[in-house]
Every structure is written in C-alpha cells, then in structure tokens.
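Visitor: Contents of start-v2.cif (mmCIF, C-alpha atoms and all ligand atoms) are given next:
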data_work
loop_
_atom_site.group_PDB
_atom_site.id
_atom_site.type_symbol
_atom_site.label_atom_id
_atom_site.label_comp_id
_atom_site.auth_asym_id
_atom_site.auth_seq_id
_atom_site.Cartn_x
_atom_site.Cartn_y
_atom_site.Cartn_z
ATOM 1 C CA MET G 270 85.133 -154.042 -50.447
ATOM 2 C CA ALA G 271 86.114 -150.466 -49.471
ATOM 3 C CA THR G 272 85.240 -148.895 -46.122
ATOM 4 C CA HIS G 273 83.800 -145.383 -46.034
ATOM 5 C CA ASN G 274 87.240 -143.972 -45.304
ATOM 6 C CA GLU G 275 88.714 -145.678 -48.342
ATOM 7 C CA TRP G 276 85.797 -144.917 -50.627
ATOM 8 C CA PHE G 277 85.920 -141.119 -50.325
ATOM 9 C CA GLU G 278 88.994 -139.189 -51.320
ATOM 10 C CA ILE G 279 89.342 -136.157 -49.062
ATOM 11 C CA ILE G 280 91.354 -133.244 -50.413
ATOM 12 C CA LYS G 281 92.146 -130.210 -48.273
ATOM 13 C CA HIS G 282 92.168 -127.644 -51.050
ATOM 14 C CA LYS G 283 92.238 -124.571 -48.781
ATOM 15 C CA ASP G 284 92.237 -124.236 -44.977
ATOM 16 C CA ASP G 285 88.472 -123.908 -45.123
ATOM 17 C CA LEU G 286 87.575 -125.785 -48.314
ATOM 18 C CA TYR G 287 87.588 -129.546 -48.646
ATOM 19 C CA ILE G 288 86.785 -131.549 -51.741
ATOM 20 C CA ILE G 289 85.306 -134.951 -51.029
ATOM 21 C CA ARG G 290 85.405 -137.089 -54.146
ATOM 22 C CA GLU G 291 83.926 -140.395 -55.106
ATOM 23 C CA LYS G 292 84.325 -142.314 -58.322
ATOM 24 C CA LEU G 293 81.017 -142.371 -60.151
ATOM 25 C CA ALA G 294 82.625 -144.587 -62.786
ATOM 26 C CA GLU G 295 83.179 -147.223 -60.070
ATOM 27 C CA ILE G 296 79.438 -147.194 -59.354
ATOM 28 C CA ASP G 297 78.224 -147.193 -62.939
ATOM 29 C CA PRO G 298 80.482 -146.394 -65.885
ATOM 30 C CA ARG G 299 77.455 -145.920 -68.143
ATOM 31 C CA TYR G 300 77.139 -142.352 -66.809
ATOM 32 C CA ASN G 301 80.359 -141.402 -68.607
ATOM 33 C CA SER G 302 81.555 -139.387 -65.607
ATOM 34 C CA TYR G 303 84.620 -140.372 -63.668
ATOM 35 C CA TYR G 304 84.414 -138.292 -60.486
ATOM 36 C CA THR G 305 81.695 -136.689 -58.404
ATOM 37 C CA ASN G 306 82.905 -133.797 -56.229
ATOM 38 C CA LEU G 307 81.263 -132.810 -52.959
ATOM 39 C CA PHE G 308 82.443 -129.627 -51.280
ATOM 40 C CA LEU G 309 82.732 -128.719 -47.624
ATOM 41 C CA LEU G 310 83.220 -125.057 -46.699
ATOM 42 C CA LEU G 311 84.210 -124.227 -43.145
ATOM 43 C CA GLY G 312 82.905 -120.786 -42.206
ATOM 44 C CA SER G 313 83.852 -119.151 -38.901
ATOM 45 C CA LYS G 314 80.444 -120.126 -37.424
ATOM 46 C CA THR G 315 78.831 -122.587 -39.789
ATOM 47 C CA ALA G 316 80.022 -125.252 -42.215
ATOM 48 C CA LEU G 317 78.302 -125.936 -45.532
ATOM 49 C CA LEU G 318 78.246 -129.294 -47.284
ATOM 50 C CA ILE G 319 77.440 -128.986 -50.987
ATOM 51 C CA ASP G 320 75.797 -132.257 -52.118
ATOM 52 C CA THR G 321 75.753 -135.635 -50.390
ATOM 53 C CA GLY G 322 76.960 -137.961 -53.164
ATOM 54 C CA ALA G 323 75.752 -141.405 -54.124
ATOM 55 C CA GLY G 324 74.892 -142.677 -50.639
ATOM 56 C CA LEU G 325 76.853 -145.924 -50.910
ATOM 57 C CA PHE G 326 78.959 -145.339 -47.789
ATOM 58 C CA PRO G 327 78.268 -143.271 -44.643
ATOM 59 C CA LEU G 328 79.225 -139.650 -45.229
ATOM 60 C CA LYS G 329 78.222 -137.977 -41.963
ATOM 61 C CA PRO G 330 81.079 -139.410 -39.848
ATOM 62 C CA ILE G 331 83.593 -137.899 -42.265
ATOM 63 C CA ILE G 332 81.868 -134.505 -42.225
ATOM 64 C CA ASN G 333 81.553 -134.475 -38.429
ATOM 65 C CA GLU G 334 85.255 -135.050 -38.096
ATOM 66 C CA LEU G 335 86.097 -132.143 -40.401
ATOM 67 C CA ILE G 336 83.721 -129.463 -39.098
ATOM 68 C CA GLY G 337 84.746 -129.475 -35.428
ATOM 69 C CA LYS G 338 82.288 -127.487 -33.310
ATOM 70 C CA ARG G 339 80.659 -125.603 -36.170
ATOM 71 C CA ASP G 340 76.962 -125.933 -37.041
ATOM 72 C CA LEU G 341 76.356 -127.704 -40.319
ATOM 73 C CA LYS G 342 74.133 -126.742 -43.235
ATOM 74 C CA VAL G 343 73.662 -129.236 -46.062
ATOM 75 C CA LEU G 344 72.579 -128.275 -49.541
ATOM 76 C CA ASN G 345 71.934 -130.047 -52.866
ATOM 77 C CA THR G 346 72.919 -128.345 -56.127
ATOM 78 C CA HIS G 347 70.047 -130.309 -57.713
ATOM 79 C CA CYS G 348 67.981 -133.451 -57.169
ATOM 80 C CA HIS G 349 69.836 -136.104 -59.220
ATOM 81 C CA TRP G 350 70.630 -139.331 -57.365
ATOM 82 C CA ASP G 351 74.420 -138.928 -57.490
ATOM 83 C CA HIS G 352 74.106 -135.683 -55.475
ATOM 84 C CA VAL G 353 71.446 -136.589 -52.895
ATOM 85 C CA GLY G 354 72.356 -140.140 -51.847
ATOM 86 C CA SER G 355 73.288 -139.436 -48.221
ATOM 87 C CA ASN G 356 70.641 -136.743 -47.610
ATOM 88 C CA HIS G 357 68.904 -139.016 -45.103
ATOM 89 C CA GLU G 358 71.970 -138.988 -42.829
ATOM 90 C CA PHE G 359 71.433 -135.286 -42.090
ATOM 91 C CA ASP G 360 68.625 -133.458 -40.258
ATOM 92 C CA GLU G 361 67.831 -130.906 -42.915
ATOM 93 C CA ILE G 362 68.601 -130.315 -46.595
ATOM 94 C CA TYR G 363 68.434 -127.084 -48.585
ATOM 95 C CA ILE G 364 67.548 -127.241 -52.292
ATOM 96 C CA HIS G 365 65.930 -124.961 -54.873
ATOM 97 C CA GLU G 366 62.186 -124.733 -54.195
ATOM 98 C CA ILE G 367 61.321 -126.384 -57.559
ATOM 99 C CA GLU G 368 63.035 -129.630 -56.505
ATOM 100 C CA LYS G 369 61.906 -129.659 -52.880
ATOM 101 C CA LEU G 370 59.233 -132.277 -53.451
ATOM 102 C CA THR G 371 61.563 -134.586 -55.402
ATOM 103 C CA ILE G 372 63.992 -135.044 -52.510
ATOM 104 C CA SER G 373 61.139 -135.299 -50.005
ATOM 105 C CA ARG G 374 60.370 -138.632 -51.649
ATOM 106 C CA PRO G 375 62.530 -141.736 -52.118
ATOM 107 C CA THR G 376 64.713 -141.698 -55.250
ATOM 108 C CA ASN G 377 64.316 -144.753 -57.470
ATOM 109 C CA ILE G 378 67.722 -146.020 -58.581
ATOM 110 C CA SER G 379 66.666 -149.428 -59.913
ATOM 111 C CA ILE G 380 68.476 -148.544 -63.150
ATOM 112 C CA LEU G 381 71.716 -149.238 -61.232
ATOM 113 C CA LYS G 382 70.794 -152.920 -60.756
ATOM 114 C CA SER G 383 72.261 -153.598 -64.185
ATOM 115 C CA SER G 384 75.547 -151.803 -63.454
ATOM 116 C CA PRO G 385 78.599 -153.967 -64.170
ATOM 117 C CA LYS G 386 80.098 -152.876 -60.804
ATOM 118 C CA ASP G 387 79.615 -155.075 -57.724
ATOM 119 C CA VAL G 388 79.616 -152.156 -55.306
ATOM 120 C CA VAL G 389 76.015 -151.316 -56.284
ATOM 121 C CA LYS G 390 74.945 -154.385 -54.267
ATOM 122 C CA ARG G 391 75.279 -152.071 -51.263
ATOM 123 C CA TYR G 392 72.017 -150.498 -52.486
ATOM 124 C CA GLU G 393 70.169 -153.764 -51.909
ATOM 125 C CA LYS G 394 69.556 -152.725 -48.302
ATOM 126 C CA TYR G 395 67.572 -149.776 -49.660
ATOM 127 C CA ASN G 396 65.931 -151.946 -52.301
ATOM 128 C CA TYR G 397 67.442 -149.602 -54.902
ATOM 129 C CA SER G 398 65.467 -146.656 -53.576
ATOM 130 C CA LEU G 399 67.417 -143.912 -51.802
ATOM 131 C CA PRO G 400 65.719 -142.765 -48.587
ATOM 132 C CA PRO G 401 64.219 -139.246 -48.735
ATOM 133 C CA ALA G 402 65.573 -136.218 -46.881
ATOM 134 C CA ASN G 403 64.265 -135.903 -43.313
ATOM 135 C CA SER G 404 63.352 -132.258 -43.689
ATOM 136 C CA VAL G 405 63.710 -129.973 -46.704
ATOM 137 C CA LYS G 406 64.240 -126.197 -46.779
ATOM 138 C CA PRO G 407 63.607 -124.316 -50.032
ATOM 139 C CA LEU G 408 66.071 -121.926 -51.670
ATOM 140 C CA LYS G 409 65.446 -119.352 -54.380
ATOM 141 C CA ASP G 410 67.525 -117.134 -56.639
ATOM 142 C CA GLY G 411 69.276 -114.394 -54.686
ATOM 143 C CA ASP G 412 69.159 -116.098 -51.273
ATOM 144 C CA ILE G 413 72.272 -115.576 -49.166
ATOM 145 C CA ILE G 414 73.762 -118.386 -47.088
ATOM 146 C CA ASP G 415 75.750 -116.954 -44.187
ATOM 147 C CA LEU G 416 78.559 -119.052 -42.713
ATOM 148 C CA GLY G 417 80.068 -116.225 -40.598
ATOM 149 C CA ASP G 418 83.095 -114.877 -42.463
ATOM 150 C CA LEU G 419 81.955 -116.552 -45.686
ATOM 151 C CA THR G 420 78.708 -115.931 -47.534
ATOM 152 C CA LEU G 421 77.276 -117.603 -50.629
ATOM 153 C CA GLU G 422 74.688 -116.289 -53.060
ATOM 154 C CA VAL G 423 72.237 -118.725 -54.634
ATOM 155 C CA ILE G 424 71.981 -118.403 -58.418
ATOM 156 C CA HIS G 425 69.139 -120.284 -60.081
ATOM 157 C CA THR G 426 70.550 -121.882 -63.251
ATOM 158 C CA PRO G 427 67.842 -124.052 -64.839
ATOM 159 C CA GLY G 428 68.871 -126.326 -67.709
ATOM 160 C CA HIS G 429 70.627 -129.439 -66.466
ATOM 161 C CA SER G 430 67.589 -129.809 -64.217
ATOM 162 C CA PRO G 431 64.789 -127.292 -63.554
ATOM 163 C CA GLY G 432 65.979 -126.469 -60.037
ATOM 164 C CA SER G 433 69.749 -126.528 -60.566
ATOM 165 C CA ILE G 434 71.607 -123.855 -58.642
ATOM 166 C CA CYS G 435 75.105 -122.426 -58.621
ATOM 167 C CA LEU G 436 76.636 -120.749 -55.572
ATOM 168 C CA LEU G 437 78.937 -117.731 -55.597
ATOM 169 C CA THR G 438 81.004 -116.980 -52.488
ATOM 170 C CA ASN G 439 82.053 -113.504 -51.370
ATOM 171 C CA ARG G 440 85.615 -114.427 -52.341
ATOM 172 C CA ASN G 441 84.813 -115.331 -55.957
ATOM 173 C CA GLU G 442 84.431 -119.078 -55.841
ATOM 174 C CA LEU G 443 81.629 -120.385 -58.043
ATOM 175 C CA PHE G 444 80.212 -123.845 -57.363
ATOM 176 C CA THR G 445 78.475 -124.909 -60.571
ATOM 177 C CA GLY G 446 76.936 -128.288 -59.717
ATOM 178 C CA ASP G 447 76.188 -130.127 -62.964
ATOM 179 C CA THR G 448 75.389 -126.901 -64.818
ATOM 180 C CA ALA G 449 78.992 -126.742 -66.049
ATOM 181 C CA HIS G 450 81.772 -129.305 -65.880
ATOM 182 C CA TYR G 451 84.280 -130.856 -68.256
ATOM 183 C CA GLY G 452 83.747 -134.406 -69.511
ATOM 184 C CA THR G 453 80.160 -135.341 -70.311
ATOM 185 C CA PRO G 454 77.681 -132.547 -69.551
ATOM 186 C CA TYR G 455 74.091 -133.751 -69.501
ATOM 187 C CA LEU G 456 71.940 -131.302 -71.453
ATOM 188 C CA PRO G 457 68.187 -130.887 -71.894
ATOM 189 C CA LYS G 458 66.617 -131.827 -75.226
ATOM 190 C CA LYS G 459 67.698 -129.951 -78.311
ATOM 191 C CA LYS G 460 64.816 -127.486 -78.473
ATOM 192 C CA LEU G 461 65.628 -126.346 -74.904
ATOM 193 C CA LEU G 462 69.309 -125.689 -75.613
ATOM 194 C CA PRO G 463 68.702 -121.932 -76.169
ATOM 195 C CA ASP G 464 67.440 -121.719 -72.556
ATOM 196 C CA PHE G 465 70.548 -123.519 -71.350
ATOM 197 C CA LEU G 466 72.687 -121.054 -73.298
ATOM 198 C CA SER G 467 70.873 -118.168 -71.517
ATOM 199 C CA THR G 468 71.760 -119.754 -68.180
ATOM 200 C CA LEU G 469 75.423 -119.981 -69.227
ATOM 201 C CA SER G 470 75.420 -116.365 -70.512
ATOM 202 C CA LYS G 471 74.008 -115.205 -67.184
ATOM 203 C CA LEU G 472 76.836 -117.007 -65.361
ATOM 204 C CA ILE G 473 79.508 -115.679 -67.726
ATOM 205 C CA ASN G 474 78.259 -112.087 -67.216
ATOM 206 C CA LEU G 475 78.276 -112.545 -63.479
ATOM 207 C CA CYS G 476 81.817 -113.968 -63.500
ATOM 208 C CA GLU G 477 83.123 -111.233 -65.774
ATOM 209 C CA LYS G 478 82.031 -108.662 -63.184
ATOM 210 C CA GLN G 479 84.442 -110.226 -60.672
ATOM 211 C CA GLU G 480 88.140 -109.476 -60.700
ATOM 212 C CA TYR G 481 88.890 -113.186 -60.948
ATOM 213 C CA ILE G 482 86.935 -116.380 -60.490
ATOM 214 C CA GLU G 483 87.551 -119.958 -59.439
ATOM 215 C CA ILE G 484 85.023 -122.507 -60.664
ATOM 216 C CA TYR G 485 84.265 -125.694 -58.755
ATOM 217 C CA PRO G 486 82.172 -128.170 -60.792
ATOM 218 C CA SER G 487 80.489 -131.243 -59.295
ATOM 219 C CA HIS G 488 82.045 -133.670 -61.784
ATOM 220 C CA GLU G 489 85.596 -134.199 -63.062
ATOM 221 C CA GLU G 490 88.200 -131.434 -62.498
ATOM 222 C CA TYR G 491 87.321 -129.679 -59.265
ATOM 223 C CA VAL G 492 88.859 -126.288 -59.895
ATOM 224 C CA VAL G 493 88.874 -124.597 -63.279
ATOM 225 C CA GLY G 494 88.640 -121.086 -64.695
ATOM 226 C CA LEU G 495 86.093 -118.996 -66.545
ATOM 227 C CA GLU G 496 87.119 -120.693 -69.817
ATOM 228 C CA LEU G 497 84.935 -123.665 -68.775
ATOM 229 C CA LEU G 498 81.781 -121.559 -69.104
ATOM 230 C CA LYS G 499 82.971 -119.926 -72.324
ATOM 231 C CA ASP G 500 84.043 -123.245 -73.895
ATOM 232 C CA LEU G 501 80.756 -124.857 -72.947
ATOM 233 C CA HIS G 502 78.718 -121.948 -74.319
ATOM 234 C CA LYS G 503 80.657 -122.002 -77.584
ATOM 235 C CA GLY G 504 80.379 -125.789 -77.835
ATOM 236 C CA ILE G 505 76.626 -125.860 -77.283
ATOM 237 C CA GLU G 506 76.124 -123.100 -79.845
ATOM 238 C CA ASN G 507 77.965 -125.305 -82.321
ATOM 239 C CA ILE G 508 75.919 -128.466 -81.658
ATOM 240 C CA GLU G 509 73.524 -127.641 -84.501
ATOM 241 C CA ASN G 510 76.444 -127.711 -86.986
ATOM 242 C CA ILE G 511 77.615 -131.184 -85.933
ATOM 243 C CA TRP G 512 74.176 -132.664 -85.242
ATOM 244 C CA ASP G 513 74.712 -135.342 -87.920
ATOM 245 C CA THR G 514 77.583 -136.844 -85.888
ATOM 246 C CA ARG G 515 75.275 -137.776 -82.992
ATOM 247 C CA VAL G 516 75.245 -141.317 -81.620
ATOM 248 C CA LYS G 517 72.299 -142.840 -79.783
ATOM 249 C CA ASN G 518 72.775 -143.567 -76.061
ATOM 250 C CA ASP G 519 70.032 -145.973 -74.989
ATOM 251 C CA PHE G 520 71.034 -146.025 -71.319
ATOM 252 C CA MET G 521 70.492 -142.292 -70.873
ATOM 253 C CA ARG G 522 67.819 -142.046 -73.592
ATOM 254 C CA SER G 523 69.954 -139.347 -75.126
ATOM 255 C CA TRP G 524 72.149 -138.384 -78.050
ATOM 256 C CA ILE G 525 75.898 -138.210 -77.597
ATOM 257 C CA ILE G 526 77.866 -135.641 -79.560
ATOM 258 C CA ASP G 527 81.629 -135.399 -79.127
ATOM 259 C CA ASP G 528 83.394 -132.225 -80.289
ATOM 260 C CA GLY G 529 86.797 -133.167 -78.863
ATOM 261 C CA LYS G 530 86.414 -130.836 -75.868
ATOM 262 C CA PHE G 531 83.114 -132.095 -74.433
ATOM 263 C CA LYS G 532 81.063 -135.220 -74.936
ATOM 264 C CA TYR G 533 77.543 -133.775 -74.732
ATOM 265 C CA ASP G 534 74.756 -136.019 -73.570
ATOM 266 C CA ILE G 535 71.581 -134.459 -74.995
ATOM 267 C CA SER G 536 68.279 -135.736 -73.659
ATOM 268 C CA ARG G 537 65.812 -137.272 -76.110
ATOM 269 C CA ILE G 538 62.918 -137.116 -73.590
HETATM 270 ZN ZN ZN D 601 72.844 -134.000 -62.467
HETATM 271 ZN ZN ZN D 602 75.795 -135.364 -61.409
#
Would it be possible to restate this file's structure as structure tokens?
Guide:
Amino acid sequence: MATHNEWFEIIKHKDDLYIIREKLAEIDPRYNSYYTNLFLLLGSKTALLIDTGAGLFPLKPIINELIGKRDLKVLNTHCHWDHVGSNHEFDEIYIHEIEKLTISRPTNISILKSSPKDVVKRYEKYNYSLPPANSVKPLKDGDIIDLGDLTLEVIHTPGHSPGSICLLTNRNELFTGDTAHYGTPYLPKKKLLPDFLSTLSKLINLCEKQEYIEIYPSHEEYVVGLELLKDLHKGIENIENIWDTRVKNDFMRSWIIDDGKFKYDISRI
C-alpha cells in the first residue's frame, strides 16, 4: 500500500503555486472523477491551502515541508467529503458560513464501504466517519484573504453545494472548486439548474472584466481557460433538449447526461 509521499502527486506549477493531486478514482471509481486537485499558494507572509482532500493519508507533513516559515491558512471550497478529509490535521479551517456547521461535525462516509478499492480500508480507523474540523472560521462573499503579496477574493457560487465558493487572486487566477471542472460536474436537481446558470454567468462576467484568466478546478485538468465556464454554461442550457438521453445513476441518486464534452451528474434529490 502507498505511503503518504507516494499517494499525493506534488506539482510545482509556479514558484508559489503547488498542485497536490490525489486519484479519486483509486478511492471510489463510482464518483466518475479521476483526480482531485488541492492547491497550495505561498504568499510572502502566509500560505493558503485550498481543500484538504480525502483524508486517507497524512497531508500536514507535506504542507509543512512546502511552506517553510510562513503561517498557514486552510480553506475548504465546500463541505463535500473529498475536499475536507484532512481538516482535522489543521488547527483552523475557513469555509463559507452556510457550511460551517457541516464541517464542525463528523462526515459520514459509510457509502465508501462498498467501494471496489482496497485503500478505503484505511477509513476503518475512523469507522467511516471523517473527524470534524478543530475550529471553523466563516467566510462570506467579498471577503479578502491576504497572504502578503497575494490576495484572494471570496466569491460565493451556490449550486454544486449551497456554500460553494470560488477564489480570485489579484493576478487573475480563479480557483473554482467543484463549481466548474471538466469530466463529470455534479449539478443540483433539474429545477435548480437556472440558479446554477446564474452562478456561472456571474463568474463569466467577472472573468471577462480581467485581461486574462487562468482557471484552476478541483477535479480533473488543473489549469484551463475561460472556455470551461462558457462550455459548461452552454452545455447546461442545452440539458433540457437532450433530457430524454438521461441514464439513472443509483449510486449518486442522480441522472447522468453525456453531451460528449461533459458527463453531467444531475441530482434527483
Ligand atoms: Zn463537491
Ligand atoms: Zn469534489
């Protein structure tokens, strides 16, 4: 079985931006996502870790090695288990205020017991319940996170989950969490899709105001362009027209619709 150093893939994407990847498909392929991306930004004073992954292997030793003498802030883009798994290793976690309570409690992951992958046995020590965050700090739309030379603005983007956030840096990097990524985006139920489209329009408008933009999603390709948001918006608008092609996904209690570009997972609950 892998050690924590073998489990995470660490990519130095820029001098001050690391991507720490783990293979979600190796934990449970039923999620239809191959990679989860965590991001570590090294500001001149403070480092920021965006998401803590699945919690299968210790993450903190890796982060400590990369941040040197900087202070560390840790943030969750939203409360889903694949983003909050190692929260308990850190003193304090920032998350949108709507999801504060969720990560203050243990996260039930008993659904993973039936994964075909052996590595999930590592969760037995937690009895398939991820430990809660030690202390939680709320974020809201418009908050600024100051890392010294780098700052990030919090953008509330409800849809994938009620408290999902994106983060825009002062040098035009947009971290989108699960709000936008290639592969299999998980969407709210059909009648809420117009709200999700509003969230995407808001992001597109914001990005179009910048001279250029780099987008860093939390699953699959870790750096893409504005076309991700535009493709996703266009694709979701078209879901109504191809609704008859949907296939039932019992694991996620959702409908799957594949338009060749995205494989949408649309909640039924
Ligand atoms: Zn999610
Ligand atoms: Zn996710």
Visitor: Write out as number ranges by chain which residues come within 12 Å of G:Ala449 when counting all atoms listed in the file, dropping same-chain ones fewer than 5 positions away.
Guide: G: 346, 426-430, 433-435, 443-444, 454-456, 465-466, 468-470, 472-473, 484-502, 504-505, 531, 533
Visitor: Would you kindly translate the PyMOL selection byres (((not hetatm)) within 8 of (chain D and resi 601)) into the concrete residues it picks from this file, as a PDB file with C-alpha atoms, keeping the file's coordinate frame?
Guide:
ATOM      1  CA  HIS G 347      70.047-130.309 -57.713  1.00  0.00           C
ATOM      2  CA  CYS G 348      67.981-133.451 -57.169  1.00  0.00           C
ATOM      3  CA  HIS G 349      69.836-136.104 -59.220  1.00  0.00           C
ATOM      4  CA  TRP G 350      70.630-139.331 -57.365  1.00  0.00           C
ATOM      5  CA  ASP G 351      74.420-138.928 -57.490  1.00  0.00           C
ATOM      6  CA  HIS G 352      74.106-135.683 -55.475  1.00  0.00           C
ATOM      7  CA  HIS G 429      70.627-129.439 -66.466  1.00  0.00           C
ATOM      8  CA  SER G 430      67.589-129.809 -64.217  1.00  0.00           C
ATOM      9  CA  GLY G 446      76.936-128.288 -59.717  1.00  0.00           C
ATOM     10  CA  ASP G 447      76.188-130.127 -62.964  1.00  0.00           C
ATOM     11  CA  THR G 448      75.389-126.901 -64.818  1.00  0.00           C
ATOM     12  CA  TYR G 455      74.091-133.751 -69.501  1.00  0.00           C
TER      13      TYR G 455
END
Visitor: Would you kindly identify which residues have an atom no farther than 9 Å from (77.6, -135.2, -54.2), using all atoms listed in the file and the file's own coordinates, and write them out as number ranges by chain?
Guide: G: 289-291, 305-308, 319-324, 345-346, 350-355, 446, 487-488
Visitor: Counting all atoms listed in the file, which of G:Leu475, G:Ile362, G:Ile424, G:Leu416 gets nearest to G:Asn441?
Guide: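 Under the stated criterion, the closest residue is G:Leu475.
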Visitor: Identify which of the residues G:Leu335, G:Thr371, G:Leu293, G:Asn518 lies closest to G:Ile279, counting only C-alpha atoms when measuring atom-to-atom distances.
Guide: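 Among the listed residues, G:Leu335 lies closest to G:Ile279.
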Visitor: Near stretch 396-401 of chain G, within 10 Å and counting all atoms listed in the file, which residues show up once chain neighbours fewer than 2 positions away are dropped, as an NGL selection string?
Guide: :G and (323-325 or 350 or 353-358 or 370-382 or 389-394 or 403-405)
Visitor: Of the residues G:Lys530, G:Lys406, G:His282, G:Lys342, which is the one nearest to G:Ile364, using only C-alpha atoms?
Guide: G:Lys406
Visitor: For the atom pair atom CA of G:Arg515 and atom CA of G:Asp527, what is the interatomic distance in Å to one decimal place?
Guide: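 Pair atom CA of G:Arg515 / atom CA of G:Asp527 returns 7.8 Å.
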Visitor: Just say which residues the PyMOL selection byres (((chain G and resi 526) around 8) and not hetatm) picks in this file, as a list in words.
Guide: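 Listing what the PyMOL selection byres (((chain G and resi 526) around 8) and not hetatm) selects in the shown file: Ile508, Ile511, Trp512, Thr514, Arg515, Val516, Trp524, Ile525, Asp527, Asp528, Lys532, Tyr533, Asp534 and Ile535 of chain G.
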Visitor: Find the distance between atom CA of G:Pro330 and atom CA of G:Glu278 and write it in Å to one decimal.
Guide: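 Separation between atom CA of G:Pro330 and atom CA of G:Glu278: 13.9 Å.
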Visitor: Can you work out the spacing between atom CA of G:Ile414 and atom CA of G:Leu344 in Å, to one decimal?
Guide: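 One can read the atom CA of G:Ile414 to atom CA of G:Leu344 distance as 10.3 Å.
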Visitor: Calculated over only C-alpha atoms and all ligand atoms, which of the candidates G:Tyr363, G:Phe520, G:Tyr451, G:Tyr395 has the smallest distance to ligand ZN 602 (chain D)?
Guide: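 Selected residue with least distance to ligand ZN 602 (chain D): G:Tyr451.
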Visitor: For G:Gly312, please output as a ChimeraX atom specification all residues within 6 Å (counting all atoms listed in the file; exclusion window: fewer than 6 positions along the same chain).
Guide: /G:416-419
Visitor: Please complete stretch 493-504 of chain G so it has N, CA and C atoms, and hand it over as a short mmCIF file (atom, residue, chain, number, x, y, z; two decimals), in the coordinates of the input.
Guide:
data_model
loop_
_atom_site.label_atom_id
_atom_site.label_comp_id
_atom_site.auth_asym_id
_atom_site.auth_seq_id
_atom_site.Cartn_x
_atom_site.Cartn_y
_atom_site.Cartn_z
N VAL G 493 88.56 -125.04 -61.92
CA VAL G 493 88.87 -124.60 -63.28
C VAL G 493 88.58 -123.09 -63.37
N GLY G 494 88.84 -122.53 -64.53
CA GLY G 494 88.64 -121.09 -64.69
C GLY G 494 87.41 -120.77 -65.53
N LEU G 495 87.25 -119.49 -65.78
CA LEU G 495 86.09 -119.00 -66.54
C LEU G 495 85.99 -119.64 -67.93
N GLU G 496 87.15 -120.11 -68.46
CA GLU G 496 87.12 -120.69 -69.82
C GLU G 496 86.16 -121.89 -69.89
N LEU G 497 85.91 -122.56 -68.75
CA LEU G 497 84.94 -123.66 -68.78
C LEU G 497 83.59 -123.17 -69.30
N LEU G 498 83.10 -122.06 -68.72
CA LEU G 498 81.78 -121.56 -69.10
C LEU G 498 81.79 -121.09 -70.55
N LYS G 499 82.89 -120.44 -70.95
CA LYS G 499 82.97 -119.93 -72.32
C LYS G 499 83.08 -121.08 -73.33
N ASP G 500 83.90 -122.08 -73.01
CA ASP G 500 84.04 -123.24 -73.90
C ASP G 500 82.71 -123.98 -74.04
N LEU G 501 82.02 -124.12 -72.93
CA LEU G 501 80.76 -124.86 -72.95
C LEU G 501 79.71 -124.10 -73.77
N HIS G 502 79.67 -122.78 -73.57
CA HIS G 502 78.72 -121.95 -74.32
C HIS G 502 78.99 -122.07 -75.82
N LYS G 503 80.26 -121.93 -76.17
CA LYS G 503 80.66 -122.00 -77.58
C LYS G 503 80.33 -123.38 -78.16
N GLY G 504 80.62 -124.42 -77.39
CA GLY G 504 80.38 -125.79 -77.83
C GLY G 504 78.91 -126.07 -78.06
#
